[in-house]
$ cat input08.txt   # compact mmCIF, C-alpha atoms
# COMPACT_ATOMS: atom_id res chain seq x y z
CA MET A 21 73.65 46.84 41.32
CA TRP A 22 76.70 44.62 40.81
CA ILE A 23 79.25 45.96 38.31
CA GLY A 24 80.43 42.61 36.95
CA ASP A 25 83.32 40.21 37.44
CA THR A 26 86.48 42.11 38.35
CA THR A 27 90.01 40.79 38.69
CA CYS A 28 92.11 41.00 41.83
CA ASN A 29 94.54 43.73 40.85
CA TRP A 30 95.12 47.39 41.69
CA ASP A 31 93.80 48.68 38.38
CA HIS A 32 90.44 46.98 38.82
CA LEU A 33 90.27 48.17 42.43
CA VAL A 34 90.25 51.84 41.46
CA ARG A 35 88.09 51.17 38.39
CA SER A 36 85.48 49.61 40.67
CA LEU A 37 85.21 52.85 42.60
CA VAL A 38 84.93 54.93 39.42
CA ILE A 39 82.24 52.67 37.95
CA CYS A 40 80.22 52.69 41.17
CA CYS A 41 80.28 56.49 41.27
CA THR A 42 79.19 56.59 37.62
CA VAL A 43 76.22 54.25 38.03
CA SER A 44 75.28 55.97 41.29
CA LEU A 45 75.04 59.31 39.48
CA SER A 46 72.94 57.53 36.85
CA GLY A 47 70.31 56.64 39.45
CA PHE A 48 71.49 53.20 40.60
CA SER A 49 72.60 54.13 44.10
CA PHE A 50 72.63 50.59 45.52
CA CYS A 51 75.84 49.66 43.70
CA GLY A 52 78.98 47.77 44.56
CA SER A 53 81.67 45.41 43.33
CA ASP A 54 83.11 42.02 44.21
CA ILE A 55 85.47 42.58 47.13
CA PRO A 56 88.41 42.45 46.62
CA GLY A 57 87.87 41.12 43.07
CA PHE A 58 86.30 38.03 41.49
CA PHE A 59 89.09 36.40 39.49
CA LEU A 60 92.57 35.34 40.70
CA ASP A 61 93.88 35.34 44.25
CA PRO A 62 94.49 38.66 46.03
CA THR A 63 97.54 39.46 48.10
CA ALA A 64 96.90 40.24 51.75
CA GLU A 65 97.51 43.92 51.07
CA LEU A 66 95.14 44.07 48.10
CA SER A 67 92.45 42.23 50.03
CA THR A 68 92.78 44.69 52.93
CA ARG A 69 92.52 47.72 50.64
CA GLY A 70 89.55 46.09 48.94
CA TYR A 71 87.70 45.77 52.23
CA GLN A 72 88.59 49.32 53.22
CA MET A 73 87.24 50.63 49.92
CA GLY A 74 84.28 48.27 49.76
CA CYS A 75 82.93 49.22 53.17
CA MET A 76 82.30 52.72 51.79
CA LEU A 77 80.24 51.52 48.82
CA PRO A 78 76.44 51.29 49.11
CA PHE A 79 76.51 47.55 48.26
CA PHE A 80 79.29 45.91 50.28
CA ARG A 81 79.97 42.19 49.89
CA ALA A 82 82.87 39.80 49.40
CA HIS A 83 82.62 37.44 46.42
CA ALA A 84 84.99 35.27 44.40
CA ASP A 85 85.31 32.73 41.63
CA ARG A 86 84.95 29.15 42.91
CA HIS A 87 88.38 28.28 41.55
CA THR A 88 90.20 30.80 43.76
CA GLU A 89 91.69 30.22 47.19
CA LYS A 90 89.60 30.89 50.29
CA ARG A 91 90.01 34.52 51.32
CA GLU A 92 87.85 35.25 54.35
CA PRO A 93 89.49 37.90 56.60
CA TYR A 94 90.17 35.47 59.43
CA LEU A 95 92.38 33.39 57.13
CA PHE A 96 94.95 36.16 56.74
CA GLU A 97 97.87 36.90 59.02
CA SER A 98 98.14 39.93 61.30
CA PRO A 99 97.88 42.90 60.72
CA TYR A 100 95.82 42.32 57.56
CA LYS A 101 93.20 40.24 59.35
CA GLU A 102 92.55 42.91 61.98
CA ALA A 103 92.46 45.72 59.40
CA MET A 104 89.85 43.88 57.29
CA ILE A 105 87.74 43.10 60.35
CA ARG A 106 87.93 46.76 61.36
CA ALA A 107 86.64 47.77 57.90
CA VAL A 108 83.62 45.50 58.36
CA GLU A 109 83.02 46.92 61.84
CA THR A 110 83.20 50.44 60.43
CA ARG A 111 80.43 49.63 57.98
CA TYR A 112 78.24 48.23 60.77
CA GLU A 113 78.82 51.37 62.84
CA LEU A 114 77.81 53.63 59.94
CA LEU A 115 74.64 51.72 59.00
CA PRO A 116 72.30 54.38 60.50
CA TYR A 117 74.06 57.01 58.38
CA TYR A 118 73.83 54.90 55.21
CA TYR A 119 70.17 54.07 55.86
CA THR A 120 69.45 57.76 56.25
CA ALA A 121 71.38 58.52 53.06
CA PHE A 122 69.25 56.01 51.16
CA HIS A 123 66.08 57.60 52.52
CA ARG A 124 67.29 61.02 51.39
CA HIS A 125 68.12 59.50 48.00
CA ARG A 126 64.53 58.30 47.68
CA VAL A 127 63.12 61.68 48.70
CA THR A 128 65.55 64.08 46.98
CA ASN A 129 67.23 61.88 44.31
CA GLN A 130 70.65 62.75 45.74
CA ALA A 131 73.01 59.86 44.93
CA VAL A 132 74.34 58.01 47.97
CA ILE A 133 77.93 58.20 46.67
CA ARG A 134 79.32 60.78 44.27
CA PRO A 135 82.74 61.82 42.93
CA VAL A 136 84.13 64.88 44.69
CA PHE A 137 85.07 66.57 41.41
CA ASN A 138 81.38 67.00 40.59
CA TYR A 139 81.33 69.70 43.26
CA ASP A 140 84.92 70.93 43.46
CA GLU A 141 87.09 71.02 40.34
CA GLY A 142 90.16 71.15 42.57
CA CYS A 143 89.65 67.47 43.38
CA PHE A 144 89.89 65.40 40.25
CA HIS A 145 90.87 62.32 42.22
CA LYS A 146 89.38 58.95 41.35
CA ASP A 147 90.03 57.63 44.86
CA GLN A 148 87.88 60.13 46.80
CA ILE A 149 84.11 59.92 47.08
CA LEU A 150 81.34 61.76 48.87
CA ILE A 151 79.08 59.56 50.99
CA GLY A 152 75.71 61.16 51.64
CA ASP A 153 76.03 64.87 52.41
CA ARG A 154 78.31 64.67 55.45
CA LEU A 155 81.12 62.18 54.79
CA MET A 156 83.98 61.81 52.34
CA GLY A 157 85.94 58.59 51.89
CA LYS A 158 89.47 58.04 50.62
CA ALA A 159 90.30 54.68 49.02
CA ILE A 160 93.90 53.47 49.08
CA VAL A 161 94.48 52.06 45.60
CA THR A 162 98.29 52.07 45.34
CA GLU A 163 100.39 49.09 46.32
CA GLY A 164 102.83 49.62 49.18
CA CYS A 165 101.23 52.91 50.26
CA THR A 166 101.89 53.96 53.88
CA THR A 167 100.94 57.65 53.59
CA THR A 168 98.48 59.31 51.25
CA GLU A 169 97.36 62.81 50.30
CA VAL A 170 93.73 63.82 50.76
CA TYR A 171 92.20 66.92 49.23
CA LEU A 172 89.57 68.52 51.48
CA PRO A 173 87.05 70.31 49.23
CA ASP A 174 85.58 73.67 50.15
CA PHE A 175 81.80 73.38 50.31
CA GLY A 176 81.37 76.55 52.33
CA ASN A 177 82.56 74.76 55.44
CA ASP A 178 85.70 76.09 57.12
CA PHE A 179 87.16 72.70 57.92
CA TRP A 180 86.85 68.92 58.00
CA TYR A 181 87.49 66.32 60.65
CA GLN A 182 88.91 62.84 60.30
CA ARG A 183 86.21 60.51 61.62
CA HIS A 184 86.26 60.18 65.41
CA GLN A 185 89.02 62.78 65.74
CA ALA A 186 88.87 66.34 67.09
CA ASP A 187 91.57 68.01 64.99
CA LYS A 188 90.27 70.57 62.49
CA LEU A 189 91.58 70.27 58.91
CA SER A 190 91.19 73.36 56.71
CA SER A 191 88.94 73.15 53.66
CA GLY A 192 90.54 73.70 50.27
CA GLU A 193 93.82 72.19 51.47
CA THR A 194 95.61 68.91 50.83
CA VAL A 195 96.69 66.96 53.90
CA THR A 196 98.92 63.93 54.27
CA ILE A 197 97.66 61.12 56.47
CA ASN A 198 99.10 57.84 57.62
CA CYS A 199 97.48 54.83 55.93
CA GLU A 200 99.87 52.05 56.91
CA ILE A 201 98.13 48.73 57.47
CA THR A 202 98.28 47.94 61.18
CA THR A 203 96.19 46.00 63.68
CA ASP A 204 94.32 49.21 64.56
CA SER A 205 94.03 50.72 61.06
CA GLU A 206 91.00 52.94 60.51
CA VAL A 207 89.26 53.48 57.17
CA PRO A 208 90.13 56.99 55.91
CA ILE A 209 86.78 58.76 56.28
CA PHE A 210 86.37 62.50 56.78
CA VAL A 211 83.45 64.51 58.17
CA LYS A 212 82.37 67.96 57.04
CA GLY A 213 82.53 70.55 59.82
CA GLY A 214 79.04 71.37 61.07
CA SER A 215 77.78 67.78 60.88
CA ILE A 216 76.05 65.32 63.17
CA VAL A 217 76.65 61.71 62.14
CA PRO A 218 74.41 58.92 63.51
CA GLU A 219 76.25 55.66 64.20
CA PHE A 220 75.62 52.41 65.97
CA PHE A 221 77.52 52.03 69.25
CA ASP A 222 81.11 50.85 69.13
CA VAL A 223 80.64 47.48 67.43
CA ARG A 224 84.22 46.47 68.17
CA LYS A 225 83.85 46.80 71.96
CA GLN A 226 80.41 45.21 72.08
CA GLY A 227 81.52 42.10 70.20
CA VAL A 228 78.56 42.21 67.83
CA LYS A 229 78.66 39.58 65.08
CA SER A 230 75.61 40.48 62.99
CA LEU A 231 73.06 43.19 62.17
CA TRP A 232 70.44 41.04 63.91
CA GLN A 233 72.36 41.41 67.17
CA ILE A 234 72.63 45.17 66.66
CA LYS A 235 68.89 45.55 66.09
CA LYS A 236 68.21 43.76 69.39
CA GLN A 237 69.86 46.66 71.21
CA PRO A 238 67.78 49.57 72.59
CA ALA A 239 67.29 52.75 70.57
CA ALA A 240 70.00 54.38 72.70
CA ALA A 241 72.47 52.17 70.86
CA VAL A 242 72.50 54.86 68.13
CA GLN A 243 75.13 57.45 68.97
CA LEU A 244 75.24 60.97 67.54
CA TRP A 245 78.78 62.10 66.74
CA VAL A 246 78.93 65.91 66.66
CA TYR A 247 81.51 67.76 64.55
CA PRO A 248 80.81 71.48 65.11
CA ASP A 249 81.51 74.24 62.61
CA ALA A 250 83.38 77.46 63.36
CA ALA A 251 80.30 78.84 65.14
CA GLY A 252 79.97 75.73 67.29
CA LYS A 253 76.87 74.52 65.45
CA ALA A 254 76.11 71.21 63.75
CA VAL A 255 73.25 69.66 61.77
CA GLY A 256 72.48 66.05 60.88
CA TYR A 257 69.72 63.64 59.96
CA LEU A 258 68.56 60.27 61.20
CA TYR A 259 65.84 58.23 59.52
CA GLN A 260 64.31 55.29 61.40
CA ASP A 261 61.27 53.32 60.29
CA ASP A 262 61.06 50.42 62.72
$ encode --input "input08.txt" --output "structure tokens"
Amino acid sequence: MWIGDTTCNWDHLVRSLVICCTVSLSGFSFCGSDIPGFFLDPTAELSTRGYQMGCMLPFFRAHADRHTEKREPYLFESPYKEAMIRAVETRYELLPYYYTAFHRHRVTNQAVIRPVFNYDEGCFHKDQILIGDRLMGKAIVTEGCTTTEVYLPDFGNDFWYQRHQADKLSSGETVTINCEITTDSEVPIFVKGGSIVPEFFDVRKQGVKSLWQIKKQPAAAVQLWVYPDAAGKAVGYLYQDD
């Protein structure tokens, strides 16, 4: 589901996330917005934040009015170009997780993305969303932001991890993370302690250019990232139908 023509500005960026969460809770889980906005020309920073947010939405695509300037990631200067490309790579890597989340949505009716405050009243933040039942994403929707605060909800898990990192972050706390746009910027995604997250192999190192190339790889190309809980245990799901 496409939420309509948005404008390239910071207000519409955060509104896009709110609307997508709303329609997802209403049963339309395959939802997304024009990245980074349909009308007007985005700045390099806004475009980067749009890609970083958009790669977390169920429906992720770039789209623009025909009267705007060309805005493909490769047309931007460093470090914005690399940060946008990394956001796209992140989405490719997480495709097994998203596919599984959509299967669970079909079976259990659990929305693919949801606002955190639906489950923890301590987090009434428009820029944080739950993705499936294992991940939480943080969108950067403020211009000039180089650090940001992230609230880590308490769902009965003792701690969270930042994706692909080993440091334990206590649940129920607010942490400050670096979100400066650099050539190696990562999308702020957090994993609930006690989770196993299926991902495609490191797309960046393999030089993959399309999903078709990924699907040509052997089944072993799916990696299982384990984030143990306090007891050293973890649970996850992987749905494959081809």
$ residues_around --input "input08.txt" --residues "Arg81 in chain A" --least-positions-apart "6" --cutoff "8 Å" --atoms "all atoms listed in the file" --output "PDB file with C-alpha atoms, in the frame of the given file"
ATOM      1  CA  GLY A  52      78.980  47.770  44.560  1.00  0.00           C
ATOM      2  CA  SER A  53      81.670  45.410  43.330  1.00  0.00           C
ATOM      3  CA  ASP A  54      83.110  42.020  44.210  1.00  0.00           C
ATOM      4  CA  ILE A  55      85.470  42.580  47.130  1.00  0.00           C
ATOM      5  CA  GLY A  74      84.280  48.270  49.760  1.00  0.00           C
TER       6      GLY A  74
END
$ closest_atom_pairs --input "input08.txt" --of "range 35-154 of chain A" --to "range 188-204 of chain A" --cutoff "12 Å" --atoms "all atoms listed in the file" --output "JSON lines"
{"residue": "A:Ala64", "atom": "CA", "partner": "A:Ile201", "partner_atom": "CA", "distance": 10.3}
{"residue": "A:Glu65", "atom": "CA", "partner": "A:Ile201", "partner_atom": "CA", "distance": 8.0}
{"residue": "A:Leu66", "atom": "CA", "partner": "A:Ile201", "partner_atom": "CA", "distance": 10.9}
{"residue": "A:Ser67", "atom": "CA", "partner": "A:Ile201", "partner_atom": "CA", "distance": 11.4}
{"residue": "A:Thr68", "atom": "CA", "partner": "A:Ile201", "partner_atom": "CA", "distance": 8.1}
{"residue": "A:Arg69", "atom": "CA", "partner": "A:Ile201", "partner_atom": "CA", "distance": 8.9}
{"residue": "A:Gln72", "atom": "CA", "partner": "A:Ile201", "partner_atom": "CA", "distance": 10.5}
{"residue": "A:Glu97", "atom": "CA", "partner": "A:Thr203", "partner_atom": "CA", "distance": 10.4}
{"residue": "A:Ser98", "atom": "CA", "partner": "A:Thr203", "partner_atom": "CA", "distance": 6.8}
{"residue": "A:Pro99", "atom": "CA", "partner": "A:Thr203", "partner_atom": "CA", "distance": 4.6}
{"residue": "A:Tyr100", "atom": "CA", "partner": "A:Ile201", "partner_atom": "CA", "distance": 6.8}
{"residue": "A:Lys101", "atom": "CA", "partner": "A:Thr203", "partner_atom": "CA", "distance": 7.8}
{"residue": "A:Glu102", "atom": "CA", "partner": "A:Thr203", "partner_atom": "CA", "distance": 5.1}
{"residue": "A:Ala103", "atom": "CA", "partner": "A:Thr203", "partner_atom": "CA", "distance": 5.7}
{"residue": "A:Met104", "atom": "CA", "partner": "A:Thr203", "partner_atom": "CA", "distance": 9.2}
{"residue": "A:Ile105", "atom": "CA", "partner": "A:Thr203", "partner_atom": "CA", "distance": 9.5}
{"residue": "A:Arg106", "atom": "CA", "partner": "A:Asp204", "partner_atom": "CA", "distance": 7.6}
{"residue": "A:Ala107", "atom": "CA", "partner": "A:Asp204", "partner_atom": "CA", "distance": 10.3}
{"residue": "A:Glu109", "atom": "CA", "partner": "A:Asp204", "partner_atom": "CA", "distance": 11.8}
{"residue": "A:Thr110", "atom": "CA", "partner": "A:Asp204", "partner_atom": "CA", "distance": 11.9}
{"residue": "A:Asp140", "atom": "CA", "partner": "A:Gly192", "partner_atom": "CA", "distance": 9.3}
{"residue": "A:Glu141", "atom": "CA", "partner": "A:Gly192", "partner_atom": "CA", "distance": 10.8}
{"residue": "A:Gly142", "atom": "CA", "partner": "A:Gly192", "partner_atom": "CA", "distance": 8.1}
{"residue": "A:Cys143", "atom": "CA", "partner": "A:Gly192", "partner_atom": "CA", "distance": 9.3}
{"residue": "A:His145", "atom": "CA", "partner": "A:Thr194", "partner_atom": "CA", "distance": 11.8}
$ atom_distance --input "input08.txt" --atom1 "CA of Leu244 in chain A" --atom2 "CA of Leu45 in chain A"
28.1 Å
$ closest_residue --input "input08.txt" --among "A:Gly213, A:Tyr119, A:Glu169, A:Ile133" --to "Ile149 in chain A" --atoms "all atoms listed in the file"
A:Ile133
$ residues_around --input "input08.txt" --residues "range 34-41 of chain A" --least-positions-apart "6" --cutoff "12 Å" --atoms "all atoms listed in the file" --output "PyMOL selection string"
chain A and resi 21-28+47-58+66+69-70+72-80+131-138+144-151+157-163
$ build_atoms --input "input08.txt" --residues "range 113-129 of chain A" --atoms "N, CA and C atoms" --output "short mmCIF file (atom, residue, chain, number, x, y, z; two decimals), in the coordinates of the input"
data_model
loop_
_atom_site.label_atom_id
_atom_site.label_comp_id
_atom_site.auth_asym_id
_atom_site.auth_seq_id
_atom_site.Cartn_x
_atom_site.Cartn_y
_atom_site.Cartn_z
N GLU A 113 79.00 50.16 62.03
CA GLU A 113 78.82 51.37 62.84
C GLU A 113 78.11 52.46 62.06
N LEU A 114 78.38 52.55 60.76
CA LEU A 114 77.81 53.63 59.94
C LEU A 114 76.47 53.27 59.30
N LEU A 115 75.91 52.12 59.62
CA LEU A 115 74.64 51.72 59.00
C LEU A 115 73.52 52.75 59.20
N PRO A 116 73.36 53.36 60.38
CA PRO A 116 72.30 54.38 60.50
C PRO A 116 72.51 55.55 59.54
N TYR A 117 73.76 55.92 59.32
CA TYR A 117 74.06 57.01 58.38
C TYR A 117 73.72 56.59 56.95
N TYR A 118 74.12 55.38 56.57
CA TYR A 118 73.83 54.90 55.21
C TYR A 118 72.32 54.75 55.00
N TYR A 119 71.62 54.25 56.00
CA TYR A 119 70.17 54.07 55.86
C TYR A 119 69.49 55.42 55.66
N THR A 120 69.97 56.40 56.40
CA THR A 120 69.45 57.76 56.25
C THR A 120 69.77 58.32 54.88
N ALA A 121 70.98 58.04 54.39
CA ALA A 121 71.38 58.52 53.06
C ALA A 121 70.50 57.91 51.97
N PHE A 122 70.13 56.64 52.14
CA PHE A 122 69.25 56.01 51.16
C PHE A 122 67.84 56.61 51.22
N HIS A 123 67.38 56.94 52.41
CA HIS A 123 66.08 57.60 52.52
C HIS A 123 66.11 58.95 51.82
N ARG A 124 67.18 59.71 52.04
CA ARG A 124 67.29 61.02 51.39
C ARG A 124 67.42 60.86 49.87
N HIS A 125 68.05 59.78 49.44
CA HIS A 125 68.12 59.50 48.00
C HIS A 125 66.72 59.28 47.43
N ARG A 126 65.89 58.56 48.15
CA ARG A 126 64.53 58.30 47.68
C ARG A 126 63.71 59.59 47.63
N VAL A 127 63.93 60.46 48.59
CA VAL A 127 63.12 61.68 48.70
C VAL A 127 63.64 62.79 47.79
N THR A 128 64.97 62.93 47.70
CA THR A 128 65.55 64.08 46.98
C THR A 128 66.28 63.69 45.70
N ASN A 129 66.47 62.38 45.46
CA ASN A 129 67.23 61.88 44.31
C ASN A 129 68.73 62.15 44.41
#
